[in-house]
Protein chains: 2
Amino acid sequence: MATTTAKRGRPRSFDREAALEQALRLFWERGYEATSVADLTTAMGIRPPSLYAAFGDKSALFGEVVDRYREGHGAYATRALAEEPTARAGVARMLREAAAMATDPDHPWGCLLISSTVNCTSPEVTGAVRELRNANVRALESLIRADVAAGHEPAGTDPAALAQFTAAVVQGMSQRARDGATRAELERVAADAMRIWP
Amino acid sequence: MATTTAKRGRPRSFDREAALEQALRLFWERGYEATSVADLTTAMGIRPPSLYAAFGDKSALFGEVVDRYREGHGAYATRALAEEPTARAGVARMLREAAAMATDPDHPWGCLLISSTVNCTSPEVTGAVRELRNANVRALESLIRADVAAGHEPAGTDPAALAQFTAAVVQGMSQRARDGATRAELERVAADAMRIWP
DNA sequence: CCACTTCTGTAGTGATCGCTAATGAAATGA
DNA sequence: TCATTTCATTAGCGATCACTACAGAAGTGG
């Protein structure tokens with residue numbers, strides 16, 4: 001198979017990445033189901049057939065938005081857990097950065113993975129995003145467990161409980177941000193949450 | 001004005017309270033906007049004109065549902081804070097009971113006030129329920145502050161921070177319940193959360 | 001009985017939902 | 001040049017949205 005770099009046919013007349021970013025903002029702000037295709041095409045500056053040709057359908061577009069979010073605005077969490085020397089330090093940094101991200105005035109408040117499919121009648125879409133959240137909880141639990149096994153955390157550290165508690169706090173912080181809580185308030189919540197670690 | 005107990009005209013042929021309960025279940029499960037009037041009339045066993053005659057419109061029906069929820073399934077929180085001798089004991093009981101309520105298999109998971117208007121395009125409905133949540137946070141802060149002033153809480157107790165932290169934990173527990181967290185897991189979260197109190 | 005009031009069921013309203021057929025426009029390959 | 005390929009536009013698909021006009025049914029007061 002020769003890799004044909006030259007493209008046939010009429011080239012796309014809009015910036016796919018820029019359009020995707022507009023879709024991300026809208027889904028982040030309003031959620032999956034409350035964002036209509038008409039809303040999307042208006043914000044993206046294209047007509048419905050262009051959206052369907054470039055992205056498939058609404059749920060596929062949302063899937064790309066979720067991927068983009070996880071690699072962009074949401075990547076801080078994975079980075080914090082991966083880069084800090086201990087699980088405890090990673091969680092502390094993640095919570096601190098979550099407070100900043102969730103209240104950043106440059107984009108919608110809260111976390112897209114947490115808020116965009118709360119009221120969604122599509123089991124596929126709801127289930128897929130829920131599974132991402134629950135996988136994050138399991139990954140955090142594994143990270144803490146590995147850290148305990150390596151002797152980096154004190155005895156009495158309960159990986160499952162700490163992961164579940166951290167998940168509840170993060171998801172609660174997202175909701176509080178959407179309700180208008182400030183960055184300072186959420187940073188205080190994050191700092192308080194760390195005090196339950198042994 | 002004489003109070004006419006006898007009703008004129010054709011009497012209503014359905015149980016208004018039972019119909020309201022069915023609407024509550026549906027709004028709790030799916031949220032405000034994702035629940036259609038057709039869904040509601042089917043669950044309530046009535047036709048649209050009966051719904052509109054008895055409840056006004058969809059948002060007014062939701063308003064009655066919210067009131068019913070606050071006086072019913074959601075009343076445990078106010079009761080816990082009012083009946084326990086200290087704010088600390090009240091919050092501990094509220095969190096413990098929240099874990100049980102949010103995972104009760106007899107009704108939808110989570111908290112209706114927290115989850116039913118996350119993705120809602122009506123500013124009136126969204127704002128009204130958000131204001132109820134934020135009023136609860138302020139009331140909790142006042143309760144803790146009064147308890148501190150009365151000398152029932154140790155020095156160093158920060159009413160605003162504790163109220164915000166508790167709100168985040170409760171709202172996070174609701175989300176975790178909708179994601180499938182068990183009662184035992186959430187009771188552990190609740191118990192852990194109480195450890196940040198001085 | 002009749003007149004009056006209120007509720008119920010039928011059958012819609014216009015608007016919006018996600019999505020697409022058909023046609024013309026803009027690029028490439030030969 | 002000209003056929004081929006791909007995209008953009010117009011226009012509209014059937015389904016569903018929240019909501020209601022209308023007429024008949026079921027009660028009360030006289």
# chains A, B, ... in the order shown; residues from 1 in each chain; ligands from 1

call {"tool": "residues_around", "arguments": {"residues": "segment 8-22 of chain C", "least_positions_apart": "3", "cutoff": "8 Å", "atoms": "only C-alpha atoms (C1' of nucleotides)", "output": "MDAnalysis selection string"}}
result
(chainID A and resid 36:37 49 58) or (chainID B and resid 47 49:50) or (chainID D and resid 13 15:17 20 25)

call {"tool": "interface_residues", "arguments": {"of": "chain C", "to": "chain A", "cutoff": "7 Å", "atoms": "only C-alpha atoms (C1' of nucleotides)", "output": "JSON, numbers by chain"}}
result
{"C": [26, 27, 28]}

call {"tool": "interface_residues", "arguments": {"of": "chain D", "to": "chain A", "cutoff": "9 Å", "atoms": "only C-alpha atoms (C1' of nucleotides)", "output": "ChimeraX atom specification"}}
result
/D:4-9

call {"tool": "write_last_selection", "arguments": {"atoms": "all heavy atoms", "output": "tab-separated table (two decimals), in the first residue's frame"}}
result
chain	number	residue	atom	x	y	z
D	4	DT	P	-15.58	8.93	-15.09
D	4	DT	OP1	-15.39	7.49	-15.33
D	4	DT	OP2	-16.94	9.52	-15.13
D	4	DT	O5'	-14.89	9.32	-13.73
D	4	DT	C5'	-13.48	9.20	-13.60
D	4	DT	C4'	-13.03	9.67	-12.22
D	4	DT	O4'	-12.93	11.10	-12.20
D	4	DT	C3'	-13.99	9.29	-11.08
D	4	DT	O3'	-13.26	8.60	-10.08
D	4	DT	C2'	-14.53	10.62	-10.59
D	4	DT	C1'	-13.41	11.58	-10.96
D	4	DT	N1	-13.84	12.99	-11.17
D	4	DT	C2	-13.18	14.01	-10.53
D	4	DT	O2	-12.24	13.82	-9.79
D	4	DT	N3	-13.65	15.27	-10.81
D	4	DT	C4	-14.72	15.60	-11.64
D	4	DT	O4	-15.05	16.76	-11.80
D	4	DT	C5	-15.36	14.50	-12.26
D	4	DT	C7	-16.53	14.74	-13.18
D	4	DT	C6	-14.92	13.25	-12.01
D	5	DT	P	-14.03	7.91	-8.82
D	5	DT	OP1	-13.37	6.64	-8.50
D	5	DT	OP2	-15.48	7.98	-9.10
D	5	DT	O5'	-13.71	8.94	-7.65
D	5	DT	C5'	-12.37	9.38	-7.43
D	5	DT	C4'	-12.34	10.53	-6.45
D	5	DT	O4'	-12.79	11.75	-7.10
D	5	DT	C3'	-13.24	10.35	-5.22
D	5	DT	O3'	-12.47	10.49	-4.04
D	5	DT	C2'	-14.30	11.44	-5.34
D	5	DT	C1'	-13.58	12.49	-6.19
D	5	DT	N1	-14.48	13.35	-7.00
D	5	DT	C2	-14.35	14.72	-6.92
D	5	DT	O2	-13.52	15.26	-6.22
D	5	DT	N3	-15.21	15.43	-7.70
D	5	DT	C4	-16.20	14.91	-8.53
D	5	DT	O4	-16.93	15.65	-9.19
D	5	DT	C5	-16.29	13.48	-8.57
D	5	DT	C7	-17.33	12.82	-9.44
D	5	DT	C6	-15.44	12.77	-7.80
D	6	DT	P	-13.06	10.01	-2.63
D	6	DT	OP1	-11.97	9.38	-1.88
D	6	DT	OP2	-14.34	9.31	-2.88
D	6	DT	O5'	-13.41	11.41	-1.93
D	6	DT	C5'	-12.41	12.40	-1.82
D	6	DT	C4'	-13.03	13.75	-1.52
D	6	DT	O4'	-13.78	14.21	-2.68
D	6	DT	C3'	-14.04	13.75	-0.36
D	6	DT	O3'	-13.59	14.65	0.63
D	6	DT	C2'	-15.36	14.21	-0.98
D	6	DT	C1'	-14.88	14.95	-2.22
D	6	DT	N1	-15.87	15.01	-3.33
D	6	DT	C2	-16.20	16.24	-3.85
D	6	DT	O2	-15.72	17.28	-3.45
D	6	DT	N3	-17.12	16.20	-4.88
D	6	DT	C4	-17.72	15.07	-5.41
D	6	DT	O4	-18.53	15.16	-6.32
D	6	DT	C5	-17.33	13.81	-4.81
D	6	DT	C7	-17.92	12.54	-5.31
D	6	DT	C6	-16.43	13.85	-3.81
D	7	DC	P	-14.37	14.77	2.04
D	7	DC	OP1	-13.33	14.76	3.08
D	7	DC	OP2	-15.48	13.81	2.07
D	7	DC	O5'	-14.98	16.25	1.97
D	7	DC	C5'	-14.13	17.34	1.65
D	7	DC	C4'	-14.97	18.53	1.24
D	7	DC	O4'	-15.71	18.18	0.04
D	7	DC	C3'	-16.01	18.97	2.27
D	7	DC	O3'	-15.82	20.34	2.57
D	7	DC	C2'	-17.35	18.71	1.60
D	7	DC	C1'	-16.99	18.73	0.12
D	7	DC	N1	-17.90	17.92	-0.73
D	7	DC	C2	-18.69	18.55	-1.70
D	7	DC	O2	-18.62	19.79	-1.83
D	7	DC	N3	-19.51	17.81	-2.48
D	7	DC	C4	-19.56	16.48	-2.31
D	7	DC	N4	-20.38	15.78	-3.10
D	7	DC	C5	-18.76	15.81	-1.34
D	7	DC	C6	-17.96	16.56	-0.57
D	8	DA	P	-16.74	21.05	3.68
D	8	DA	OP1	-15.91	22.09	4.30
D	8	DA	OP2	-17.37	20.00	4.49
D	8	DA	O5'	-17.85	21.77	2.80
D	8	DA	C5'	-17.47	22.77	1.87
D	8	DA	C4'	-18.70	23.52	1.34
D	8	DA	O4'	-19.42	22.65	0.44
D	8	DA	C3'	-19.69	23.96	2.41
D	8	DA	O3'	-20.17	25.25	2.07
D	8	DA	C2'	-20.79	22.91	2.33
D	8	DA	C1'	-20.75	22.47	0.88
D	8	DA	N9	-21.08	21.06	0.67
D	8	DA	C8	-20.57	19.99	1.35
D	8	DA	N7	-21.04	18.82	0.93
D	8	DA	C5	-21.90	19.16	-0.09
D	8	DA	C6	-22.70	18.39	-0.95
D	8	DA	N6	-22.77	17.05	-0.89
D	8	DA	N1	-23.44	19.04	-1.87
D	8	DA	C2	-23.37	20.38	-1.93
D	8	DA	N3	-22.65	21.22	-1.18
D	8	DA	C4	-21.94	20.53	-0.28
D	9	DT	P	-21.21	25.98	3.08
D	9	DT	OP1	-20.76	27.38	3.16
D	9	DT	OP2	-21.32	25.15	4.29
D	9	DT	O5'	-22.58	25.93	2.29
D	9	DT	C5'	-22.64	26.31	0.90
D	9	DT	C4'	-24.00	25.97	0.34
D	9	DT	O4'	-24.06	24.55	0.10
D	9	DT	C3'	-25.16	26.30	1.28
D	9	DT	O3'	-25.97	27.29	0.68
D	9	DT	C2'	-25.91	24.97	1.46
D	9	DT	C1'	-25.37	24.09	0.34
D	9	DT	N1	-25.27	22.66	0.69
D	9	DT	C2	-25.96	21.72	-0.04
D	9	DT	O2	-26.67	22.02	-0.99
D	9	DT	N3	-25.79	20.43	0.36
D	9	DT	C4	-25.02	19.97	1.41
D	9	DT	O4	-24.94	18.78	1.69
D	9	DT	C5	-24.33	21.00	2.16
D	9	DT	C7	-23.45	20.62	3.32
D	9	DT	C6	-24.48	22.27	1.77

call {"tool": "interface_residues", "arguments": {"of": "chain B", "to": "chain A", "cutoff": "9 Å", "atoms": "only C-alpha atoms", "output": "ChimeraX atom specification"}}
result
/B:29-35,114-121,130-131,133-134,160-162,164-176,178-181,185-186,188-190,192-196

call {"tool": "write_last_selection", "arguments": {"atoms": "N, CA and C atoms", "output": "short mmCIF file (atom, residue, chain, number, x, y, z; two decimals), in the first residue's frame"}}
result
data_model
loop_
_atom_site.label_atom_id
_atom_site.label_comp_id
_atom_site.auth_asym_id
_atom_site.auth_seq_id
_atom_site.Cartn_x
_atom_site.Cartn_y
_atom_site.Cartn_z
N GLU B 29 -34.87 9.99 38.23
CA GLU B 29 -34.11 9.04 37.42
C GLU B 29 -33.41 9.73 36.24
N ARG B 30 -34.15 10.56 35.50
CA ARG B 30 -33.64 11.06 34.22
C ARG B 30 -33.24 12.52 34.24
N GLY B 31 -33.72 13.28 35.23
CA GLY B 31 -33.45 14.71 35.23
C GLY B 31 -34.58 15.49 34.59
N TYR B 32 -34.56 16.80 34.77
CA TYR B 32 -35.68 17.63 34.33
C TYR B 32 -35.88 17.61 32.82
N GLU B 33 -34.85 17.96 32.08
CA GLU B 33 -35.03 18.17 30.64
C GLU B 33 -35.14 16.86 29.88
N ALA B 34 -34.48 15.82 30.35
CA ALA B 34 -34.50 14.53 29.66
C ALA B 34 -35.81 13.79 29.89
N THR B 35 -36.64 14.29 30.78
CA THR B 35 -37.96 13.69 31.01
C THR B 35 -38.99 14.46 30.21
N ILE B 114 -29.41 17.39 43.42
CA ILE B 114 -28.04 17.50 42.92
C ILE B 114 -27.95 17.11 41.45
N SER B 115 -28.71 16.07 41.06
CA SER B 115 -28.48 15.51 39.73
C SER B 115 -29.50 15.90 38.67
N SER B 116 -30.69 16.38 39.07
CA SER B 116 -31.76 16.49 38.07
C SER B 116 -31.65 17.71 37.17
N THR B 117 -30.81 18.67 37.51
CA THR B 117 -30.71 19.86 36.65
C THR B 117 -29.28 20.17 36.24
N VAL B 118 -28.44 19.13 36.19
CA VAL B 118 -27.04 19.36 35.78
C VAL B 118 -26.97 19.79 34.32
N ASN B 119 -27.72 19.09 33.47
CA ASN B 119 -27.75 19.45 32.04
C ASN B 119 -29.14 19.97 31.72
N CYS B 120 -29.34 21.24 31.93
CA CYS B 120 -30.66 21.85 31.78
C CYS B 120 -30.48 23.21 31.14
N THR B 121 -31.20 23.46 30.05
CA THR B 121 -31.01 24.71 29.31
C THR B 121 -31.91 25.84 29.80
N ARG B 130 -30.20 25.31 41.83
CA ARG B 130 -28.86 25.67 42.30
C ARG B 130 -28.96 26.53 43.56
N GLU B 131 -29.92 27.44 43.58
CA GLU B 131 -30.06 28.31 44.74
C GLU B 131 -30.46 27.51 45.99
N ARG B 133 -29.47 24.45 46.56
CA ARG B 133 -28.22 23.81 47.01
C ARG B 133 -27.34 24.82 47.75
N ASN B 134 -27.17 25.99 47.16
CA ASN B 134 -26.29 26.98 47.78
C ASN B 134 -26.87 27.49 49.10
N ALA B 160 -17.10 28.23 57.33
CA ALA B 160 -17.24 28.31 55.88
C ALA B 160 -16.55 27.13 55.20
N ALA B 161 -15.33 26.83 55.65
CA ALA B 161 -14.58 25.74 55.01
C ALA B 161 -15.25 24.39 55.26
N LEU B 162 -15.74 24.18 56.47
CA LEU B 162 -16.39 22.90 56.78
C LEU B 162 -17.69 22.74 55.99
N GLN B 164 -18.41 24.13 53.05
CA GLN B 164 -18.06 23.90 51.65
C GLN B 164 -17.53 22.47 51.46
N PHE B 165 -16.70 22.03 52.38
CA PHE B 165 -16.18 20.66 52.28
C PHE B 165 -17.31 19.63 52.38
N THR B 166 -18.21 19.83 53.32
CA THR B 166 -19.33 18.90 53.48
C THR B 166 -20.21 18.88 52.24
N ALA B 167 -20.46 20.06 51.67
CA ALA B 167 -21.27 20.14 50.46
C ALA B 167 -20.61 19.37 49.33
N ALA B 168 -19.31 19.56 49.18
CA ALA B 168 -18.59 18.85 48.11
C ALA B 168 -18.68 17.34 48.31
N VAL B 169 -18.53 16.89 49.55
CA VAL B 169 -18.58 15.45 49.82
C VAL B 169 -19.98 14.90 49.54
N VAL B 170 -21.01 15.60 50.00
CA VAL B 170 -22.38 15.12 49.77
C VAL B 170 -22.67 15.05 48.27
N GLN B 171 -22.31 16.10 47.55
CA GLN B 171 -22.60 16.12 46.12
C GLN B 171 -21.76 15.07 45.39
N GLY B 172 -20.54 14.85 45.85
CA GLY B 172 -19.72 13.80 45.26
C GLY B 172 -20.28 12.42 45.56
N MET B 173 -20.79 12.22 46.76
CA MET B 173 -21.39 10.93 47.11
C MET B 173 -22.60 10.64 46.22
N SER B 174 -23.39 11.67 45.92
CA SER B 174 -24.55 11.50 45.05
C SER B 174 -24.11 11.01 43.66
N GLN B 175 -23.08 11.66 43.15
CA GLN B 175 -22.58 11.28 41.82
C GLN B 175 -22.01 9.86 41.84
N ARG B 176 -21.27 9.53 42.88
CA ARG B 176 -20.69 8.19 42.98
C ARG B 176 -21.81 7.14 43.09
N ARG B 178 -24.76 7.33 41.73
CA ARG B 178 -25.31 7.15 40.39
C ARG B 178 -24.35 6.36 39.51
N ASP B 179 -23.07 6.38 39.83
CA ASP B 179 -22.09 5.59 39.09
C ASP B 179 -22.00 4.17 39.62
N GLY B 180 -22.77 3.85 40.66
CA GLY B 180 -22.81 2.47 41.12
C GLY B 180 -22.10 2.20 42.43
N ALA B 181 -21.59 3.23 43.11
CA ALA B 181 -20.94 3.01 44.39
C ALA B 181 -21.95 2.41 45.38
N GLU B 185 -19.50 1.55 50.62
CA GLU B 185 -18.42 2.42 50.13
C GLU B 185 -18.69 3.87 50.51
N LEU B 186 -19.95 4.30 50.36
CA LEU B 186 -20.27 5.69 50.65
C LEU B 186 -20.29 5.96 52.16
N ARG B 188 -18.25 4.62 54.16
CA ARG B 188 -16.83 4.79 54.46
C ARG B 188 -16.37 6.20 54.07
N VAL B 189 -16.84 6.67 52.91
CA VAL B 189 -16.52 8.05 52.50
C VAL B 189 -17.03 9.03 53.55
N ALA B 190 -18.27 8.81 54.02
CA ALA B 190 -18.86 9.70 55.01
C ALA B 190 -18.04 9.70 56.30
N ASP B 192 -14.87 8.87 56.67
CA ASP B 192 -13.58 9.50 56.40
C ASP B 192 -13.71 11.02 56.41
N ALA B 193 -14.79 11.51 55.79
CA ALA B 193 -14.98 12.96 55.69
C ALA B 193 -15.04 13.61 57.07
N MET B 194 -15.60 12.90 58.05
CA MET B 194 -15.74 13.49 59.39
C MET B 194 -14.39 13.66 60.09
N ARG B 195 -13.37 12.97 59.58
CA ARG B 195 -12.07 13.04 60.24
C ARG B 195 -11.38 14.38 60.04
N ILE B 196 -11.88 15.21 59.14
CA ILE B 196 -11.23 16.52 58.97
C ILE B 196 -11.71 17.52 60.02
#

call {"tool": "atom_distance", "arguments": {"atom1": "atom CA of Leu51 of chain A", "atom2": "atom CA of Arg68 of chain A"}}
result
16.8 Å

call {"tool": "atom_distance", "arguments": {"atom1": "atom CA of Ala18 of chain A", "atom2": "atom CA of Gly110 of chain A"}}
result
21.6 Å

call {"tool": "residues_around", "arguments": {"residues": "Ala100 of chain A", "least_positions_apart": "5", "cutoff": "10 Å", "atoms": "only C-alpha atoms (C1' of nucleotides)", "output": "NGL selection string"}}
result
:A and (94-95 or 105 or 109-110 or 177 or 182-184 or 186-187)

call {"tool": "residues_around", "arguments": {"residues": "Val148 of chain B", "least_positions_apart": "2", "cutoff": "12 Å", "atoms": "only C-alpha atoms (C1' of nucleotides)", "output": "list in words"}}
result
Thr86, Ala87, Arg88, Glu141, Ser142, Leu143, Ile144, Arg145, Ala146, Ala150, Gly151, His152, Glu153, Pro154, Ala155, Gly156, Thr157, Asp158, Pro159, Ala160, Leu162 and Pro198 of chain B

call {"tool": "write_last_selection", "arguments": {"atoms": "N, CA and C atoms", "output": "compact mmCIF listing (two decimals), in the first residue's frame"}}
result
# COMPACT_ATOMS: atom_id res chain seq x y z
N THR B 86 -25.06 18.76 68.38
CA THR B 86 -24.02 19.64 67.85
C THR B 86 -24.00 19.58 66.33
N ALA B 87 -23.40 20.61 65.71
CA ALA B 87 -23.28 20.64 64.25
C ALA B 87 -22.49 19.43 63.77
N ARG B 88 -21.44 19.12 64.51
CA ARG B 88 -20.60 18.00 64.13
C ARG B 88 -21.39 16.69 64.10
N GLU B 141 -23.30 26.43 57.07
CA GLU B 141 -22.25 27.31 57.59
C GLU B 141 -22.75 28.08 58.82
N SER B 142 -23.96 28.60 58.75
CA SER B 142 -24.53 29.33 59.88
C SER B 142 -24.68 28.43 61.10
N LEU B 143 -25.12 27.20 60.85
CA LEU B 143 -25.29 26.26 61.96
C LEU B 143 -23.96 25.99 62.66
N ILE B 144 -22.94 25.76 61.86
CA ILE B 144 -21.62 25.49 62.44
C ILE B 144 -21.11 26.73 63.18
N ARG B 145 -21.34 27.90 62.58
CA ARG B 145 -20.87 29.13 63.20
C ARG B 145 -21.54 29.35 64.56
N ALA B 146 -22.84 29.09 64.59
CA ALA B 146 -23.57 29.24 65.86
C ALA B 146 -23.04 28.26 66.89
N ALA B 150 -21.28 29.08 70.43
CA ALA B 150 -21.83 28.54 71.67
C ALA B 150 -20.80 27.71 72.44
N GLY B 151 -19.63 27.55 71.83
CA GLY B 151 -18.57 26.79 72.51
C GLY B 151 -18.71 25.29 72.38
N HIS B 152 -19.54 24.84 71.44
CA HIS B 152 -19.72 23.40 71.27
C HIS B 152 -18.72 22.78 70.32
N GLU B 153 -17.96 23.62 69.65
CA GLU B 153 -16.93 23.10 68.74
C GLU B 153 -15.58 23.66 69.17
N PRO B 154 -14.51 22.88 68.95
CA PRO B 154 -13.19 23.35 69.38
C PRO B 154 -12.72 24.56 68.60
N ALA B 155 -11.76 25.30 69.18
CA ALA B 155 -11.17 26.44 68.47
C ALA B 155 -10.52 25.94 67.19
N GLY B 156 -10.50 26.82 66.20
CA GLY B 156 -9.90 26.43 64.93
C GLY B 156 -10.91 25.84 63.97
N THR B 157 -12.15 25.72 64.42
CA THR B 157 -13.20 25.24 63.52
C THR B 157 -13.58 26.35 62.55
N ASP B 158 -13.47 26.09 61.26
CA ASP B 158 -13.76 27.09 60.22
C ASP B 158 -15.12 26.79 59.60
N PRO B 159 -16.17 27.52 59.99
CA PRO B 159 -17.52 27.20 59.52
C PRO B 159 -17.65 27.20 58.01
N ALA B 160 -17.10 28.23 57.33
CA ALA B 160 -17.24 28.31 55.88
C ALA B 160 -16.55 27.13 55.20
N LEU B 162 -15.74 24.18 56.47
CA LEU B 162 -16.39 22.90 56.78
C LEU B 162 -17.69 22.74 55.99
N PRO B 198 -11.87 19.36 63.45
CA PRO B 198 -10.81 19.53 64.47
C PRO B 198 -11.05 18.65 65.69

call {"tool": "select_by_dssp", "arguments": {"residues": "segment 24-166 of chain A", "states": "helix (DSSP H, G or I)", "output": "PyMOL selection string"}}
result
chain A and resi 24-30+37-44+48-55+58-71+75-83+87-102+112-115+123-149+159-166

call {"tool": "atom_distance", "arguments": {"atom1": "atom CA of Val137 of chain B", "atom2": "atom CA of Glu124 of chain B"}}
result
20.1 Å
